[in-house]
Structures are given as C-alpha cells and as structure tokens.
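Quick notes on the structure that follows.
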Amino acid sequence: MSQSLSVCWSSVQAITAKAPVQAEKLSNYDLVLQCQAGHCPDKAAFAELVRRYQSHVEKVLYHLAPDWTDRADLVQEVWIRVYRNIRRLNDPVKFRGWLSRIATNLFYDELRKRKRTAPPLSLDAPLSVEDGEMDWEIAADTPGPDENLTTREFYDQLNAAISDLPEAFRTTIVLREIQGMAYEEIAEITGVSLGTVKSRIARARLRLQTQLEHYLNG
Amino acid sequence: MSNFNNETDSSAFHETLLRDRFELLSAYVDGEVSAAERRQVEEWLANDPTVQQLHSRLMKLHQAFEAMPAPVATQSHQELASAVFERVERRSRRRWFLGGLAALAAVAVGAVSVLLPGEQSPIPQLANESTKEVPLKSGNTSEPLLIALDRPLVEIPKSPVAPDRSSEGLKPEREVTQ
C-alpha cells in the first residue's frame, strides 16, 4: 500500500478510507451508500461518484443552458450541493434522478436571478403569452438523399437544433428526454399545466424531427 | 404537409386533428396516456401508415437523445472533485472564522462589563432609579406650586370661540350682548 502514496491524491485518500474496498470497484448503489456513511462523504468515494456522473450533469446543464459561459461554476455548485446533502437521499437507487433534480433546480434558481437582473430576451415575449410560436408542420415524407449525415454530424445537428428551440420548449424536452422526468414532475418544476407540458414536448419533437428529417427518414 | 387529409377538407380542422394525433402519439411514446388513449393509438399504429411513420421517427429521435454523447467536460473529474473539496472546506473555514469572531466579540463585551462596574459600564442595565428616594433639600427656597381649585388659571372669556349654533338657535349675537 505504501507504494501508492506516490500516485494521485485520490489514491492517498483511498488509503485513509475506512472501507477496505476501493471506491472504483463498488457498484453505484454501494458507492452512494459509502458517501452517505460518516459525518461527511469519504473523499475517495465522492471523487469516484463525480467521475461516474459528471458527464450526466454536464449534459443536463449543457442542454438546459447552451449559451451560458459559466457552466463550469454551475457544475461545481451542483456537486457541492450533492456533497452537503447526500446523506438526506433516502434511496441510493434514486441517486441519478436526485442528481438531475439538483442540477435542474440550480438551473432554474440561476435563470430566475438572470431574468431579474437582465432584460428578457425577445424570444421570451411571444412564448410567455402563448405557445403558438412553433407551428405544427410535419416534415416531408420523402428523405433527402443528397445529404448523407455521418453520426458525428447528426449529433452536431441535433445539439444545434436543441439549442435553437425556444427556451420553454428546450427545457421541457430536455427534462423529458435527457432527464427522463414524468410529465407531472416537469409540470411541477416548470410551473405549467400537464396539458402544456404535453403540448410543448410534442411541438419540440416535431420541430426537431423537421430539422433532422434527412437522418430520421433514413 | 401530411397524409392525414383524408379526414377532412377543412385545413383548420385538419391542423387541429394533426396536432391532437401527434400530441397523443408523443405522449404514447412517453407512456403518459390513459388506457383508452393507448388503445386508440395502437389502432392507428396497426392501420395508418402515416401514424406508423411518425411513430418510427419519434422512436428514432428518442434513441438519438439516449445515445447522444455528453458534451466535452468543462473540467476533468479530478479537477472538479478537488475544486468541490476546496470550496466546501473554504466555506466551512469561513463559517468557523465568523463563529469564532462572534464568540470573541461576546467575550470582549463580557470582559468590559466586568471591568467597568456599576454605572460606568456600557452594558445596558435594568432601571433601578425608582427605588432611590431623592430627598428634598431642607433649604429649598422655591415655593411649592399652589393651584386654587375654585379659580381658573387663565381668565376664560364668556363667549366661546366657536359657539354651538345648533343648540343656540344660530344666534351668537345674543351671547356677545350679554
């Protein structure tokens, strides 16, 4: 064990941890349990938790706030909240959903702050009144063979299409498709009716389908 | 547009129908429909090629969301974990510092109140002056205030400033002449 003292700090922390099993070898469930043990999370276990779920947090915040330049700070704040509150999570199986909720709540806290301090974007005006900004035109059935998208190009286009969606539609579809939230939960978070959630999700999908029709028809 | 136009000639009605169907299909993909709605959608899926195609696109889009790679991380997981530990510890130290500062202030105030006894103490004290009797000086030359109860201090004119006209029948002149 003494040889491992020369490696990175997380290994050093692992040595001092009480649990004999290395954090990397634990299942997600046991890893969360280990983070919940003790007065504050074991550092090695927590670092491993960060390693496993960091991409999920990045993905959620990337799509919720594609044009925010300080997302790294938000990501850090999410994990600080996780560090402080992980003992309150009753069921370790629900860690991913709990983590998503923390990221989403943080995003909405920030969004409210920024809307208070900055004038609203012109995009908000028609959307806040009515959801009539996006039409229902269905994409043509015929595929466009002239555009042969590679997978990479497709995901670039998908990312661009998501970030082009008006904010209310983007957040709703992200909460559904990336975070897997139920309509009721989305309605609660976004403060709209179930019918509005259903309509926004459908219209966002229709817009995305229209923009990506060449790939989706293939 | 779509192949739903066998339902009606009206474009507005067609639009509404299209929206309703697509919404229902979208909710069906998410498992957010009632039993009756599910049966309805499954009937469409069995018989309507347009609905079949829309459903196929929806499923592809759904899979694309699932398979979509995460964006490039804003920092490595080691950097992120280190930053989290550092910020948590810094906030914790700051809380301790502020707590210590408050404790020191409390001790300082206590010490001052002990070292400066009695009335010099800056600490607020309960009023105890009422218990002290202030004796009148025996050689007090000032006369005590005497008020004659049967005479007013100031001569009050008989005519009031604002006579009660209602009770006097609006005749104030009568009082003046008296």
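Following the order of the structure tokens, chains are lettered A, B, ..., residues in each are numbered from 1, and ligands are numbered from 1.
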
Using only C-alpha atoms, find each residue in chain A having at least one atom no more than 9 Å away from chain B; report its shortest atom-to-atom pair and that distance in Å (one decimal), rows by chain then rising number, as a Markdown table.
| residue | atom | partner | partner_atom | distance |
| --- | --- | --- | --- | --- |
| A:Ser10 | CA | B:Gln78 | CA | 8.1 |
| A:Lys43 | CA | B:Phe85 | CA | 8.1 |
| A:Phe46 | CA | B:Ala81 | CA | 7.7 |
| A:Ala47 | CA | B:Ala81 | CA | 5.5 |
| A:Glu48 | CA | B:His77 | CA | 8.5 |
| A:Val50 | CA | B:His77 | CA | 6.2 |
| A:Arg51 | CA | B:His77 | CA | 5.2 |
| A:Arg52 | CA | B:His77 | CA | 8.8 |
| A:Gln54 | CA | B:His77 | CA | 6.9 |
| A:Ser55 | CA | B:Ala70 | CA | 5.8 |
| A:His56 | CA | B:Ala70 | CA | 7.1 |
| A:Glu58 | CA | B:Ala73 | CA | 6.5 |
| A:Lys59 | CA | B:Ala70 | CA | 5.2 |
| A:Val60 | CA | B:Ala70 | CA | 8.9 |
| A:Tyr62 | CA | B:Pro71 | CA | 7.1 |
| A:Arg71 | CA | B:Thr74 | CA | 7.6 |
| A:Ala72 | CA | B:Thr74 | CA | 5.5 |
| A:Val75 | CA | B:Leu80 | CA | 8.4 |
| A:Gln76 | CA | B:Val84 | CA | 6.2 |
| A:Glu77 | CA | B:Val84 | CA | 7.8 |
| A:Trp79 | CA | B:Val84 | CA | 6.7 |
| A:Ile80 | CA | B:Val84 | CA | 5.7 |
| A:Tyr83 | CA | B:Val84 | CA | 8.2 |
| A:Arg84 | CA | B:Val88 | CA | 8.4 |
| A:Trp136 | CA | B:Arg19 | CA | 6.5 |
| A:Glu137 | CA | B:Met1 | CA | 6.3 |
| A:Ile138 | CA | B:Met1 | CA | 5.7 |
| A:Ala139 | CA | B:Met1 | CA | 7.1 |
| A:Ala140 | CA | B:Met1 | CA | 6.6 |
| A:Asp141 | CA | B:Ser2 | CA | 7.9 |
| A:Tyr155 | CA | B:Met68 | CA | 6.5 |
| A:Leu158 | CA | B:Ala64 | CA | 8.4 |
| A:Asn159 | CA | B:Met68 | CA | 8.7 |
| A:Arg176 | CA | B:Asp30 | CA | 8.5 |
| A:Glu177 | CA | B:Phe65 | CA | 6.3 |
| A:Ile178 | CA | B:Phe65 | CA | 6.6 |
| A:Ala182 | CA | B:Glu32 | CA | 8.0 |
| A:Tyr183 | CA | B:Glu32 | CA | 7.4 |
| A:Lys198 | CA | B:Ala27 | CA | 6.7 |
| A:Ser199 | CA | B:Glu23 | CA | 6.2 |
| A:Ile201 | CA | B:Ser26 | CA | 7.6 |
| A:Ala202 | CA | B:Glu23 | CA | 5.2 |
| A:Arg203 | CA | B:Glu23 | CA | 7.9 |
| A:Arg205 | CA | B:Leu58 | CA | 7.4 |
| A:Leu206 | CA | B:Phe22 | CA | 8.4 |
| A:Leu208 | CA | B:Leu61 | CA | 8.1 |
| A:Gln209 | CA | B:Arg57 | CA | 7.1 |
| A:Leu212 | CA | B:Leu61 | CA | 8.9 |
| A:Glu213 | CA | B:Arg57 | CA | 8.3 |
| A:Leu216 | CA | B:Arg57 | CA | 5.6 |
| A:Asn217 | CA | B:Arg57 | CA | 6.9 |

Tell me, in Å to one decimal, how far atom CA of A:Gly195 is from atom CA of B:Phe13.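 Result for atom CA of A:Gly195 versus atom CA of B:Phe13: 19.6 Å, one decimal.
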
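Between A:Thr151 and the candidates A:Tyr108, A:Val32, A:Leu89, A:Tyr215, the tightest atom-to-atom separation, counting only C-alpha atoms, involves A:Tyr215.
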